[in-house]
file structure.txt (compact mmCIF, C-alpha atoms and all ligand atoms)
# COMPACT_ATOMS: atom_id res chain seq x y z
CA MET T 5 -37.18 -59.91 -99.02
CA SER T 6 -36.34 -63.54 -99.28
CA ASP T 7 -33.83 -65.81 -100.80
CA GLY T 8 -35.16 -67.37 -103.95
CA GLY T 9 -38.73 -66.37 -103.12
CA SER T 10 -39.14 -68.51 -100.03
CA VAL T 11 -40.14 -67.13 -96.62
CA VAL T 12 -37.33 -67.30 -94.07
CA GLU T 13 -37.98 -67.51 -90.35
CA GLY T 14 -35.85 -67.04 -87.23
CA PHE T 15 -35.64 -65.27 -83.90
CA ALA T 16 -34.24 -61.98 -82.59
CA ASP T 17 -34.34 -59.80 -79.47
CA TYR T 18 -36.50 -56.70 -79.57
CA VAL T 19 -36.52 -53.62 -77.31
CA ASP T 20 -39.34 -51.19 -77.93
CA GLY T 21 -37.39 -48.25 -76.49
CA GLU T 22 -40.11 -47.27 -74.04
CA THR T 23 -39.48 -49.99 -71.50
CA ALA T 24 -36.15 -51.66 -70.80
CA ILE T 25 -37.49 -55.13 -71.41
CA ILE T 26 -36.04 -57.48 -73.99
CA HIS T 27 -38.67 -59.34 -75.96
CA ARG T 28 -37.76 -62.49 -77.83
CA VAL T 29 -39.63 -62.22 -81.10
CA ALA T 30 -40.03 -64.51 -84.06
CA LEU T 31 -39.03 -63.08 -87.42
CA ARG T 32 -40.56 -63.71 -90.80
CA LEU T 33 -38.72 -62.36 -93.82
CA SER T 34 -40.93 -61.91 -96.86
CA PRO T 35 -39.95 -60.18 -100.14
CA ASP T 36 -40.77 -56.63 -99.07
CA ARG T 37 -41.03 -56.69 -95.31
CA LEU T 38 -39.78 -58.05 -92.00
CA THR T 39 -42.54 -59.23 -89.67
CA LEU T 40 -41.91 -59.30 -85.90
CA ILE T 41 -44.15 -61.76 -84.06
CA GLN T 42 -44.48 -61.29 -80.30
CA PRO T 43 -44.88 -64.30 -77.97
CA ASP T 44 -48.48 -63.20 -77.35
CA GLY T 45 -49.19 -63.48 -81.07
CA GLY T 46 -49.19 -59.75 -81.81
CA SER T 47 -47.18 -58.78 -84.87
CA GLU T 48 -45.62 -55.74 -86.44
CA ASP T 49 -44.39 -55.20 -89.99
CA TRP T 50 -41.13 -53.39 -90.71
CA VAL T 51 -41.10 -52.45 -94.42
CA ALA T 52 -37.76 -53.25 -96.05
CA ASP T 53 -37.28 -49.63 -97.17
CA ASP T 54 -37.59 -48.49 -93.53
CA LEU T 55 -34.92 -50.78 -92.04
CA ARG T 56 -31.79 -49.02 -90.77
CA GLU T 57 -28.64 -50.53 -89.36
CA VAL T 58 -27.51 -48.98 -86.08
CA PRO T 59 -23.78 -48.39 -86.62
CA ASP T 60 -20.80 -48.82 -84.28
CA GLN T 61 -22.00 -51.79 -82.32
CA ALA T 62 -19.69 -53.48 -79.83
CA ASP T 63 -20.39 -56.91 -81.25
CA PRO T 64 -19.63 -56.96 -84.99
CA SER T 65 -21.36 -60.31 -85.46
CA MET T 66 -24.66 -58.77 -84.41
CA LEU T 67 -26.87 -56.76 -86.71
CA VAL T 68 -28.75 -54.08 -84.80
CA LEU T 69 -31.71 -52.61 -86.65
CA SER T 70 -33.88 -49.60 -86.08
CA ARG T 71 -36.82 -48.52 -88.12
CA ALA T 72 -37.29 -45.22 -89.93
CA GLY T 73 -39.99 -43.28 -88.14
CA ASN T 74 -39.41 -45.11 -84.85
CA PRO T 75 -35.77 -44.55 -83.94
CA VAL T 76 -35.98 -45.80 -80.33
CA ALA T 77 -36.97 -49.37 -81.09
CA ARG T 78 -34.13 -51.86 -81.59
CA LEU T 79 -33.97 -55.31 -83.09
CA TYR T 80 -30.89 -57.40 -82.24
CA VAL T 81 -30.27 -60.04 -84.89
CA THR T 82 -27.59 -62.63 -84.11
CA ASP T 83 -28.60 -65.22 -86.69
CA GLY T 84 -25.90 -64.93 -89.37
CA GLU T 85 -28.10 -66.21 -92.19
CA ILE T 86 -30.86 -63.71 -91.47
CA SER T 87 -28.35 -60.88 -91.07
CA LYS T 88 -26.92 -61.72 -94.49
CA LEU T 89 -30.35 -61.69 -96.12
CA LEU T 90 -31.26 -58.40 -94.45
CA ARG T 91 -28.00 -56.74 -95.50
CA ARG T 92 -28.55 -57.95 -99.07
CA ASN T 93 -32.20 -56.98 -99.43
CA ALA T 94 -32.88 -53.88 -97.33
CA PRO T 95 -32.11 -51.00 -99.69
CA ALA T 96 -31.69 -48.18 -97.16
CA LEU T 97 -29.89 -50.01 -94.38
CA HIS T 98 -27.17 -47.38 -94.13
CA ARG T 99 -29.22 -44.25 -94.72
CA ARG T 100 -28.84 -41.86 -91.79
CA PRO T 101 -31.87 -40.17 -90.25
CA PRO T 102 -32.31 -36.50 -91.19
CA ILE T 103 -30.46 -34.51 -88.59
CA GLU T 104 -32.75 -31.47 -88.58
CA ASN T 105 -35.60 -33.42 -87.08
CA LYS T 106 -35.55 -32.23 -83.43
CA PRO T 107 -38.26 -34.53 -82.03
CA ARG T 108 -36.43 -37.41 -83.58
CA ILE T 109 -33.19 -36.44 -81.80
CA ALA T 110 -35.12 -36.25 -78.53
CA ALA T 111 -36.37 -39.73 -79.24
CA TRP T 112 -32.81 -40.93 -79.81
CA GLY T 113 -31.98 -39.51 -76.37
CA LEU T 114 -34.88 -41.44 -74.95
CA GLY T 115 -33.48 -44.55 -76.58
CA ALA T 116 -30.11 -43.94 -74.92
CA VAL T 117 -31.77 -43.58 -71.53
CA ALA T 118 -33.71 -46.77 -72.15
CA SER T 119 -30.49 -48.57 -73.07
CA VAL T 120 -28.76 -47.46 -69.86
CA ALA T 121 -31.82 -48.42 -67.86
CA LEU T 122 -31.79 -51.80 -69.58
CA ILE T 123 -28.17 -52.37 -68.60
CA ILE T 124 -28.48 -51.15 -65.00
CA PHE T 125 -31.81 -52.69 -64.09
CA VAL T 126 -31.81 -55.86 -66.17
CA LEU T 127 -28.34 -56.93 -67.23
CA VAL T 128 -26.18 -55.80 -64.28
CA PRO T 129 -28.24 -57.56 -61.57
CA VAL T 130 -28.28 -60.78 -63.57
CA MET T 131 -24.54 -60.56 -64.24
CA ALA T 132 -23.82 -59.67 -60.59
CA ASN T 133 -25.66 -62.76 -59.37
CA GLN T 134 -23.82 -64.96 -61.82
CA LEU T 135 -20.45 -63.33 -61.17
CA ALA T 136 -20.93 -63.84 -57.43
CA GLU T 137 -21.10 -67.59 -58.07
CA PHE T 138 -17.75 -67.57 -59.82
CA LEU T 139 -15.87 -65.00 -57.73
CA PRO T 140 -13.08 -66.79 -55.82
CA PRO T 141 -12.80 -66.13 -52.05
CA GLU T 142 -9.69 -63.97 -52.62
CA GLY T 143 -11.71 -61.82 -55.01
CA GLU T 144 -14.47 -61.38 -52.46
CA LYS T 145 -11.89 -60.48 -49.83
CA ALA T 146 -10.27 -57.89 -52.11
CA LEU T 147 -13.67 -56.40 -52.95
CA GLY T 148 -14.49 -56.17 -49.24
CA ASP T 149 -11.16 -54.58 -48.33
CA ALA T 150 -11.44 -51.99 -51.10
CA THR T 151 -15.00 -51.00 -50.20
CA PHE T 152 -14.09 -50.91 -46.50
CA GLU T 153 -11.39 -48.30 -47.18
CA GLN T 154 -13.79 -46.32 -49.39
CA ILE T 155 -16.36 -46.28 -46.61
CA ARG T 156 -13.80 -45.14 -44.04
CA THR T 157 -12.81 -42.30 -46.37
CA ALA T 158 -16.38 -41.32 -47.19
CA LEU T 159 -17.33 -41.16 -43.51
CA GLY T 160 -14.20 -39.22 -42.59
CA ARG T 161 -14.52 -35.71 -41.29
CA GLU T 162 -13.68 -32.49 -43.02
CA ASP T 163 -9.95 -33.04 -42.53
CA PHE T 164 -10.24 -35.93 -45.06
CA LEU T 165 -8.79 -38.45 -42.67
CA PRO T 166 -10.52 -41.83 -42.83
CA VAL T 167 -12.73 -42.76 -39.88
CA GLU T 168 -10.59 -44.51 -37.30
CA THR T 169 -10.90 -48.16 -36.40
CA CYS T 170 -11.29 -48.76 -32.68
CA GLU T 171 -8.52 -50.90 -31.24
CA ASP T 172 -8.46 -50.60 -27.49
CA PRO T 173 -6.89 -53.97 -26.47
CA ALA T 174 -9.41 -54.79 -23.73
CA GLY T 175 -12.27 -53.92 -26.08
CA LEU T 176 -10.81 -56.11 -28.83
CA ALA T 177 -10.51 -58.98 -26.36
CA ALA T 178 -14.17 -58.62 -25.38
CA LEU T 179 -15.18 -58.55 -29.08
CA ALA T 180 -13.07 -61.65 -29.77
CA LYS T 181 -14.75 -63.46 -26.87
CA MET T 182 -18.17 -62.59 -28.31
CA GLU T 183 -17.16 -63.85 -31.78
CA ALA T 184 -15.80 -67.08 -30.31
CA ARG T 185 -19.02 -67.63 -28.37
CA LEU T 186 -21.05 -67.31 -31.55
CA GLY T 187 -18.66 -69.73 -33.21
CA ALA T 188 -19.85 -68.83 -36.69
CA ALA T 189 -18.10 -69.04 -40.01
CA GLN T 190 -16.91 -72.62 -39.84
CA ASP T 191 -18.39 -73.00 -43.31
CA LEU T 192 -16.80 -69.89 -44.77
CA PRO T 193 -13.77 -69.92 -47.09
CA TYR T 194 -12.34 -66.84 -45.34
CA PRO T 195 -12.07 -65.75 -41.70
CA VAL T 196 -14.66 -63.31 -40.40
CA THR T 197 -13.20 -59.91 -39.51
CA VAL T 198 -15.26 -57.74 -37.17
CA THR T 199 -14.21 -54.09 -36.96
CA VAL T 200 -15.61 -51.26 -34.85
CA LEU T 201 -15.51 -47.85 -36.51
CA ASP T 202 -15.38 -44.68 -34.44
CA HIS T 203 -18.60 -43.16 -35.76
CA GLU T 204 -21.84 -42.21 -34.05
CA LEU T 205 -24.15 -43.92 -36.58
CA VAL T 206 -26.35 -46.58 -34.98
CA ASN T 207 -25.66 -49.21 -37.56
CA ALA T 208 -23.79 -52.35 -38.53
CA PHE T 209 -23.28 -53.91 -41.92
CA ALA T 210 -21.45 -56.67 -43.72
CA LEU T 211 -19.07 -56.36 -46.66
CA PRO T 212 -17.91 -58.99 -49.16
CA GLY T 213 -15.24 -61.42 -48.00
CA GLY T 214 -16.38 -61.86 -44.40
CA ARG T 215 -15.90 -58.32 -43.12
CA ILE T 216 -18.43 -57.02 -40.61
CA VAL T 217 -18.44 -53.40 -39.45
CA ILE T 218 -20.10 -52.15 -36.27
CA PHE T 219 -20.30 -48.44 -35.52
CA ARG T 220 -19.54 -47.08 -32.05
CA GLY T 221 -23.06 -45.57 -32.05
CA LEU T 222 -24.55 -49.07 -32.07
CA LEU T 223 -22.46 -50.16 -29.06
CA GLU T 224 -23.69 -47.07 -27.22
CA MET T 225 -27.30 -47.74 -28.19
CA ALA T 226 -27.31 -51.41 -27.18
CA ALA T 227 -28.62 -52.19 -23.70
CA SER T 228 -26.70 -55.44 -23.29
CA PRO T 229 -23.85 -57.38 -24.90
CA GLU T 230 -26.47 -59.94 -25.98
CA GLU T 231 -28.05 -57.29 -28.21
CA VAL T 232 -24.68 -56.64 -29.87
CA ALA T 233 -24.20 -60.39 -30.26
CA ALA T 234 -27.64 -60.62 -31.88
CA VAL T 235 -26.76 -57.88 -34.40
CA LEU T 236 -23.45 -59.62 -35.06
CA ALA T 237 -25.28 -62.91 -35.65
CA HIS T 238 -27.64 -61.16 -38.09
CA GLU T 239 -24.69 -59.73 -40.05
CA LEU T 240 -23.03 -63.16 -40.02
CA GLY T 241 -26.19 -64.43 -41.67
CA HIS T 242 -25.69 -61.95 -44.51
CA VAL T 243 -22.03 -63.01 -44.82
CA VAL T 244 -22.87 -66.71 -44.92
CA HIS T 245 -25.55 -66.08 -47.55
CA ARG T 246 -23.13 -63.82 -49.49
CA ASP T 247 -25.66 -60.99 -49.72
CA PRO T 248 -22.97 -58.24 -49.56
CA THR T 249 -21.03 -59.76 -52.45
CA ARG T 250 -24.00 -59.74 -54.80
CA ASP T 251 -24.91 -56.24 -53.64
CA ALA T 252 -21.41 -54.83 -54.14
CA LEU T 253 -21.06 -56.39 -57.60
CA ARG T 254 -24.42 -54.99 -58.64
CA LEU T 255 -23.45 -51.54 -57.36
CA ALA T 256 -20.02 -51.61 -58.92
CA GLY T 257 -21.57 -52.64 -62.24
CA SER T 258 -24.22 -49.93 -62.14
CA ILE T 259 -21.76 -47.22 -61.18
CA GLY T 260 -19.37 -48.46 -63.85
CA VAL T 261 -22.10 -48.13 -66.46
CA LEU T 262 -22.94 -44.62 -65.27
CA GLY T 263 -19.24 -43.81 -65.55
CA LEU T 264 -19.21 -44.99 -69.17
CA VAL T 265 -22.22 -42.83 -69.97
CA PHE T 266 -21.27 -39.68 -68.12
CA GLY T 267 -17.52 -39.86 -68.57
CA ASP T 268 -16.33 -37.84 -65.60
CA PHE T 269 -18.65 -39.64 -63.24
CA ALA T 270 -15.79 -40.67 -61.02
CA GLY T 271 -13.89 -39.85 -57.90
CA GLY T 272 -15.75 -38.46 -54.91
CA THR T 273 -19.25 -38.98 -56.24
CA VAL T 274 -18.66 -42.66 -56.82
CA VAL T 275 -17.12 -43.12 -53.38
CA LEU T 276 -20.06 -41.40 -51.72
CA LEU T 277 -22.61 -43.38 -53.70
CA LEU T 278 -20.88 -46.66 -53.05
CA ALA T 279 -20.33 -45.99 -49.35
CA ASN T 280 -23.90 -44.85 -48.83
CA GLU T 281 -25.31 -47.85 -50.66
CA LEU T 282 -23.18 -50.38 -48.83
CA ILE T 283 -23.73 -48.91 -45.36
CA ASN T 284 -27.47 -48.70 -45.90
CA ALA T 285 -27.62 -51.93 -47.84
CA GLN T 286 -31.17 -52.56 -48.84
CA TYR T 287 -31.36 -56.26 -49.16
CA SER T 288 -34.47 -58.01 -50.24
CA GLN T 289 -37.12 -59.04 -47.75
CA ALA T 290 -36.03 -62.63 -48.28
CA ALA T 291 -32.38 -61.78 -47.53
CA GLU T 292 -33.31 -60.01 -44.27
CA THR T 293 -35.56 -62.86 -43.17
CA GLY T 294 -32.77 -65.28 -44.05
CA ALA T 295 -30.26 -63.33 -41.94
CA ASP T 296 -32.71 -63.18 -39.03
CA ASP T 297 -33.35 -66.91 -39.23
CA TYR T 298 -29.63 -67.59 -39.31
CA ALA T 299 -29.15 -65.30 -36.29
CA HIS T 300 -31.88 -67.09 -34.33
CA ALA T 301 -30.30 -70.48 -34.96
CA LEU T 302 -26.78 -69.28 -34.20
CA LEU T 303 -27.78 -67.52 -30.97
CA THR T 304 -29.79 -70.50 -29.78
CA GLU T 305 -26.88 -72.83 -30.48
CA ALA T 306 -24.56 -70.52 -28.54
CA GLY T 307 -26.94 -70.53 -25.59
CA LEU T 308 -27.75 -66.86 -26.08
CA PRO T 309 -31.24 -65.31 -26.16
CA PRO T 310 -32.46 -64.80 -29.76
CA SER T 311 -34.94 -62.35 -28.26
CA ALA T 312 -32.07 -59.85 -27.99
CA LEU T 313 -32.56 -59.19 -31.71
CA GLY T 314 -36.17 -58.31 -30.97
CA THR T 315 -35.42 -56.10 -27.97
CA PHE T 316 -32.77 -54.26 -29.96
CA PHE T 317 -35.12 -53.72 -32.90
CA ALA T 318 -37.82 -52.61 -30.47
CA ARG T 319 -35.49 -50.04 -28.91
CA LEU T 320 -34.58 -48.71 -32.38
CA LYS T 321 -38.26 -48.44 -33.21
CA ASP T 322 -39.00 -46.56 -29.96
CA GLU T 323 -36.13 -44.20 -30.60
CA TYR T 324 -36.56 -43.51 -34.31
CA GLY T 325 -40.03 -44.73 -35.24
CA ASP T 326 -40.72 -46.70 -38.37
CA ALA T 327 -39.36 -44.04 -40.70
CA GLU T 328 -36.14 -44.65 -42.53
CA GLY T 329 -33.41 -43.26 -40.39
CA ILE T 330 -29.81 -43.82 -39.57
CA TYR T 331 -30.58 -47.42 -38.74
CA ALA T 332 -31.73 -47.85 -42.33
CA HIS T 333 -30.42 -51.39 -42.77
CA PHE T 334 -32.59 -52.72 -39.97
CA SER T 335 -35.71 -50.82 -40.92
CA THR T 336 -35.76 -50.80 -44.71
CA HIS T 337 -38.58 -53.23 -44.95
CA PRO T 338 -41.99 -52.73 -43.41
CA GLN T 339 -42.01 -55.95 -41.39
CA MET T 340 -40.16 -54.52 -38.37
CA THR T 341 -42.98 -55.49 -36.02
CA ALA T 342 -43.10 -58.99 -37.44
CA ARG T 343 -39.34 -59.37 -36.94
CA ILE T 344 -39.62 -58.20 -33.33
CA GLU T 345 -42.41 -60.67 -32.69
CA ALA T 346 -40.52 -63.49 -34.40
CA ALA T 347 -37.45 -62.77 -32.27
CA LEU T 348 -39.47 -62.65 -29.04
CA GLU T 349 -41.23 -65.87 -30.02
CA ALA T 350 -37.84 -67.53 -30.47
CA GLN T 351 -36.96 -66.47 -26.92
CA THR T 352 -39.90 -68.20 -25.33
CA GLN T 353 -39.13 -71.44 -27.18
CA ALA T 354 -35.46 -71.33 -26.22
CA GLU T 355 -36.26 -70.52 -22.61
CA ARG T 356 -38.82 -73.29 -22.44
CA ALA T 357 -36.11 -75.69 -23.59
CA GLY T 358 -33.78 -74.35 -20.93
CA GLU T 359 -31.05 -73.58 -23.42
CA LEU T 360 -29.97 -70.18 -22.09
CA LYS T 361 -26.65 -70.26 -20.28
CA ASP T 362 -24.11 -67.63 -19.26
CA PRO T 363 -24.13 -64.00 -20.37
CA VAL T 364 -21.95 -63.45 -23.42
CA LEU T 365 -19.70 -60.98 -21.58
CA THR T 366 -19.10 -60.14 -17.94
CA PRO T 367 -20.11 -56.63 -16.88
CA ALA T 368 -16.42 -55.64 -16.93
CA GLU T 369 -15.94 -57.02 -20.46
CA TRP T 370 -19.10 -55.27 -21.62
CA ALA T 371 -17.67 -51.99 -20.28
CA ASP T 372 -14.42 -52.73 -22.14
CA LEU T 373 -16.28 -53.34 -25.40
CA ARG T 374 -18.23 -50.10 -25.08
CA ALA T 375 -14.95 -48.27 -24.50
CA ILE T 376 -13.21 -49.90 -27.48
CA CYS T 377 -12.94 -46.49 -29.19
CA GLY T 378 -11.54 -44.95 -26.03
CA PRO T 379 -13.29 -43.37 -23.05
CA SER T 380 -16.73 -42.07 -24.01
CA LYS T 381 -16.03 -38.66 -22.46
CA PRO T 382 -13.11 -37.05 -24.28
CA GLU T 383 -10.27 -35.63 -22.27
CA PRO T 384 -10.11 -31.87 -22.76
CA ASP T 385 -7.20 -31.45 -25.14
CA PRO T 386 -5.61 -28.01 -25.03
CA LYS T 387 -3.89 -28.65 -28.39
CA ILE T 388 -7.20 -28.80 -30.27
CA PRO T 389 -9.03 -25.45 -30.34
CA GLY T 390 -12.67 -25.72 -29.34
CA ASN T 391 -12.29 -29.08 -27.65
CA SER T 392 -12.33 -27.50 -24.23
CA LYS T 393 -14.33 -28.61 -21.24
CA GLY T 394 -18.07 -28.26 -21.55
CA GLU T 395 -18.23 -28.96 -25.27
CA PRO T 396 -20.67 -31.71 -26.23
CA SER T 397 -18.75 -34.95 -26.44
CA ARG T 398 -20.96 -36.78 -28.97
CA LEU T 399 -18.29 -37.03 -31.63
CA GLY T 400 -15.33 -37.09 -29.34
CA ARG T 401 -13.01 -39.93 -28.65
CA GLY T 402 -10.41 -40.21 -25.96
ZN ZN Y 1 -29.81 -57.29 -42.53
call {"tool": "encode", "arguments": {"input": "structure.txt", "output": "structure tokens"}}
result
Amino acid sequence: MSDGGSVVEGFADYVDGETAIIHRVALRLSPDRLTLIQPDGGSEDWVADDLREVPDQADPSMLVLSRAGNPVARLYVTDGEISKLLRRNAPALHRRPPIENKPRIAAWGLGAVASVALIIFVLVPVMANQLAEFLPPEGEKALGDATFEQIRTALGREDFLPVETCEDPAGLAALAKMEARLGAAQDLPYPVTVTVLDHELVNAFALPGGRIVIFRGLLEMAASPEEVAAVLAHELGHVVHRDPTRDALRLAGSIGVLGLVFGDFAGGTVVLLLANELINAQYSQAAETGADDYAHALLTEAGLPPSALGTFFARLKDEYGDAEGIYAHFSTHPQMTARIEAALEAQTQAERAGELKDPVLTPAEWADLRAICGPSKPEPDPKIPGNSKGEPSRLGRG
């Protein structure tokens, strides 16, 4: 299979159909066969009679080949000259595989799964990282606002009302004072927006575009305003490093691909998946360490004890153990103990340097912040059946 008898060489991408890895292979076209040469020197011959073109490709300039007898493997040829030679010389390029061959159909299915896996685990993360570099601040903000509303809806109760944001004026003032003390985000292209949601989860997370969400459950769990400030500083670290933006783009891409494959994969399922993933964001070890380091520096600069991050983590660990729980974001990696120790170590250094100053909030302001969703004990409301006196008030708000 050559032009005028000479051997033609080039390159193509090869997927073996069993793993979702793209291999760059060298091609050698000889009169009766196509030889694929792997980077490690291994080679494989595809006889010209066995070459099949995979029809209906998105990119018409690309020739996608499979091989009779091995329908899951794919060869992606973009070199126009080689494509032309292959089209001219492979006699059975357009022959369809016999449809009655059941194992072969199962193998095609395997190939489809491998393709989706390739897109979700290889292409989407790469594209998400690159897209994050180009996304303008307004785009990040819009992405954050949209996911914020989805999360509120997903966490809403059975009456399908979104979870409420907590806006008691005195509580908001205390929160604003804490944010000002941390003085973060001078380097950010958008303002940081901190919102408390009226939900009992002990968690906090960051969304794209500078939005940070703290749950009421975390305010109730914290022993001091410094611990809340430490969590806030940690989330600011994620915002500054744009971890939520990359994460959200990766998720949106993956879910979009699943939607293409499964068609009706939309609506509630997507919202739940997206909300769950964003709330329990599982950043890399490096991202968490980066956020902790940022928090330590920010807290120290603000004259606040970085050890508060450690004491808060330690309290979570006492309460829930090392298992993944509702505080998933803070415990997803195994180095919890190391983070506690690092935070406590930062305290001793800061204290030695005499950098600790005033508490971040007065006791009265701290009480205001904890009551930002309303009084912690709900007033018995005769209009709502079942919300009478004596009922557990865990979910209640005033
Ligand atoms: Zn984190």
call {"tool": "residues_around", "arguments": {"input": "structure.txt", "residues": "T:Ile41", "least_positions_apart": "6", "cutoff": "12 Å", "atoms": "all atoms listed in the file", "output": "number ranges by chain"}}
result
T: 13-18, 27-33, 47-50
call {"tool": "closest_residue", "arguments": {"input": "structure.txt", "among": "T:Glu323, T:Asp297, T:Glu85, T:Glu230", "to": "ligand ZN 1 (chain Y)", "atoms": "only C-alpha atoms and all ligand atoms"}}
result
T:Asp297
call {"tool": "closest_residue", "arguments": {"input": "structure.txt", "among": "T:Val235, T:Ile218, T:Ala368, T:Ala318", "to": "ligand ZN 1 (chain Y)", "atoms": "only C-alpha atoms and all ligand atoms"}}
result
T:Val235
call {"tool": "residues_near_point", "arguments": {"input": "structure.txt", "point": "(-16.5, -50.6, -22.8)", "cutoff": "12 Å", "atoms": "all atoms listed in the file", "output": "ChimeraX atom specification"}}
result
/T:170-179,220,223-224,226,228-229,365-381
call {"tool": "write_last_selection", "arguments": {"input": "structure.txt", "atoms": "C-alpha atoms", "output": "short mmCIF file (atom, residue, chain, number, x, y, z; two decimals), keeping the file's coordinate frame"}}
result
data_model
loop_
_atom_site.label_atom_id
_atom_site.label_comp_id
_atom_site.auth_asym_id
_atom_site.auth_seq_id
_atom_site.Cartn_x
_atom_site.Cartn_y
_atom_site.Cartn_z
CA CYS T 170 -11.29 -48.76 -32.68
CA GLU T 171 -8.52 -50.90 -31.24
CA ASP T 172 -8.46 -50.60 -27.49
CA PRO T 173 -6.89 -53.97 -26.47
CA ALA T 174 -9.41 -54.79 -23.73
CA GLY T 175 -12.27 -53.92 -26.08
CA LEU T 176 -10.81 -56.11 -28.83
CA ALA T 177 -10.51 -58.98 -26.36
CA ALA T 178 -14.17 -58.62 -25.38
CA LEU T 179 -15.18 -58.55 -29.08
CA ARG T 220 -19.54 -47.08 -32.05
CA LEU T 223 -22.46 -50.16 -29.06
CA GLU T 224 -23.69 -47.07 -27.22
CA ALA T 226 -27.31 -51.41 -27.18
CA SER T 228 -26.70 -55.44 -23.29
CA PRO T 229 -23.85 -57.38 -24.90
CA LEU T 365 -19.70 -60.98 -21.58
CA THR T 366 -19.10 -60.14 -17.94
CA PRO T 367 -20.11 -56.63 -16.88
CA ALA T 368 -16.42 -55.64 -16.93
CA GLU T 369 -15.94 -57.02 -20.46
CA TRP T 370 -19.10 -55.27 -21.62
CA ALA T 371 -17.67 -51.99 -20.28
CA ASP T 372 -14.42 -52.73 -22.14
CA LEU T 373 -16.28 -53.34 -25.40
CA ARG T 374 -18.23 -50.10 -25.08
CA ALA T 375 -14.95 -48.27 -24.50
CA ILE T 376 -13.21 -49.90 -27.48
CA CYS T 377 -12.94 -46.49 -29.19
CA GLY T 378 -11.54 -44.95 -26.03
CA PRO T 379 -13.29 -43.37 -23.05
CA SER T 380 -16.73 -42.07 -24.01
CA LYS T 381 -16.03 -38.66 -22.46
#
call {"tool": "atom_distance", "arguments": {"input": "structure.txt", "atom1": "atom CA of T:Ala301", "atom2": "atom CA of T:Arg185"}}
result
13.4 Å
call {"tool": "closest_residue", "arguments": {"input": "structure.txt", "among": "T:Gly214, T:Ala208, T:Ala252, T:Lys321", "to": "ligand ZN 1 (chain Y)", "atoms": "only C-alpha atoms and all ligand atoms"}}
result
T:Ala208
call {"tool": "atom_distance", "arguments": {"input": "structure.txt", "atom1": "atom CA of T:Glu144", "atom2": "atom CA of T:Asp251"}}
result
11.7 Å
call {"tool": "closest_residue", "arguments": {"input": "structure.txt", "among": "T:Thr169, T:His245, T:Leu79, T:Leu222", "to": "T:Val198", "atoms": "only C-alpha atoms"}}
result
T:Thr169
call {"tool": "residues_around", "arguments": {"input": "structure.txt", "residues": "T:Ser70", "least_positions_apart": "3", "cutoff": "7 Å", "atoms": "all atoms listed in the file", "output": "MDAnalysis selection string"}}
result
chainID T and resid 55:58 75 77:79
call {"tool": "atom_distance", "arguments": {"input": "structure.txt", "atom1": "atom CA of T:Ala210", "atom2": "atom CA of T:Leu240"}}
result
7.6 Å
call {"tool": "residues_around", "arguments": {"input": "structure.txt", "residues": "T:Ala299", "least_positions_apart": "3", "cutoff": "10 Å", "atoms": "all atoms listed in the file", "output": "PyMOL selection string"}}
result
chain T and resi 186+188+233-242+293-296+302-305+310+313+347
call {"tool": "write_last_selection", "arguments": {"input": "structure.txt", "atoms": "C-alpha atoms", "output": "PDB file, in the frame of the given file"}}
result
ATOM      1  CA  LEU T 186     -21.050 -67.310 -31.550  1.00  0.00           C
ATOM      2  CA  ALA T 188     -19.850 -68.830 -36.690  1.00  0.00           C
ATOM      3  CA  ALA T 233     -24.200 -60.390 -30.260  1.00  0.00           C
ATOM      4  CA  ALA T 234     -27.640 -60.620 -31.880  1.00  0.00           C
ATOM      5  CA  VAL T 235     -26.760 -57.880 -34.400  1.00  0.00           C
ATOM      6  CA  LEU T 236     -23.450 -59.620 -35.060  1.00  0.00           C
ATOM      7  CA  ALA T 237     -25.280 -62.910 -35.650  1.00  0.00           C
ATOM      8  CA  HIS T 238     -27.640 -61.160 -38.090  1.00  0.00           C
ATOM      9  CA  GLU T 239     -24.690 -59.730 -40.050  1.00  0.00           C
ATOM     10  CA  LEU T 240     -23.030 -63.160 -40.020  1.00  0.00           C
ATOM     11  CA  GLY T 241     -26.190 -64.430 -41.670  1.00  0.00           C
ATOM     12  CA  HIS T 242     -25.690 -61.950 -44.510  1.00  0.00           C
ATOM     13  CA  THR T 293     -35.560 -62.860 -43.170  1.00  0.00           C
ATOM     14  CA  GLY T 294     -32.770 -65.280 -44.050  1.00  0.00           C
ATOM     15  CA  ALA T 295     -30.260 -63.330 -41.940  1.00  0.00           C
ATOM     16  CA  ASP T 296     -32.710 -63.180 -39.030  1.00  0.00           C
ATOM     17  CA  LEU T 302     -26.780 -69.280 -34.200  1.00  0.00           C
ATOM     18  CA  LEU T 303     -27.780 -67.520 -30.970  1.00  0.00           C
ATOM     19  CA  THR T 304     -29.790 -70.500 -29.780  1.00  0.00           C
ATOM     20  CA  GLU T 305     -26.880 -72.830 -30.480  1.00  0.00           C
ATOM     21  CA  PRO T 310     -32.460 -64.800 -29.760  1.00  0.00           C
ATOM     22  CA  LEU T 313     -32.560 -59.190 -31.710  1.00  0.00           C
ATOM     23  CA  ALA T 347     -37.450 -62.770 -32.270  1.00  0.00           C
TER      24      ALA T 347
END
call {"tool": "closest_residue", "arguments": {"input": "structure.txt", "among": "T:Phe209, T:Pro363, T:Thr249, T:Glu231", "to": "ligand ZN 1 (chain Y)", "atoms": "all atoms listed in the file"}}
result
T:Phe209
call {"tool": "closest_residue", "arguments": {"input": "structure.txt", "among": "T:Ala346, T:Pro309, T:Arg156, T:Ala136", "to": "T:Pro248", "atoms": "all atoms listed in the file"}}
result
T:Ala136
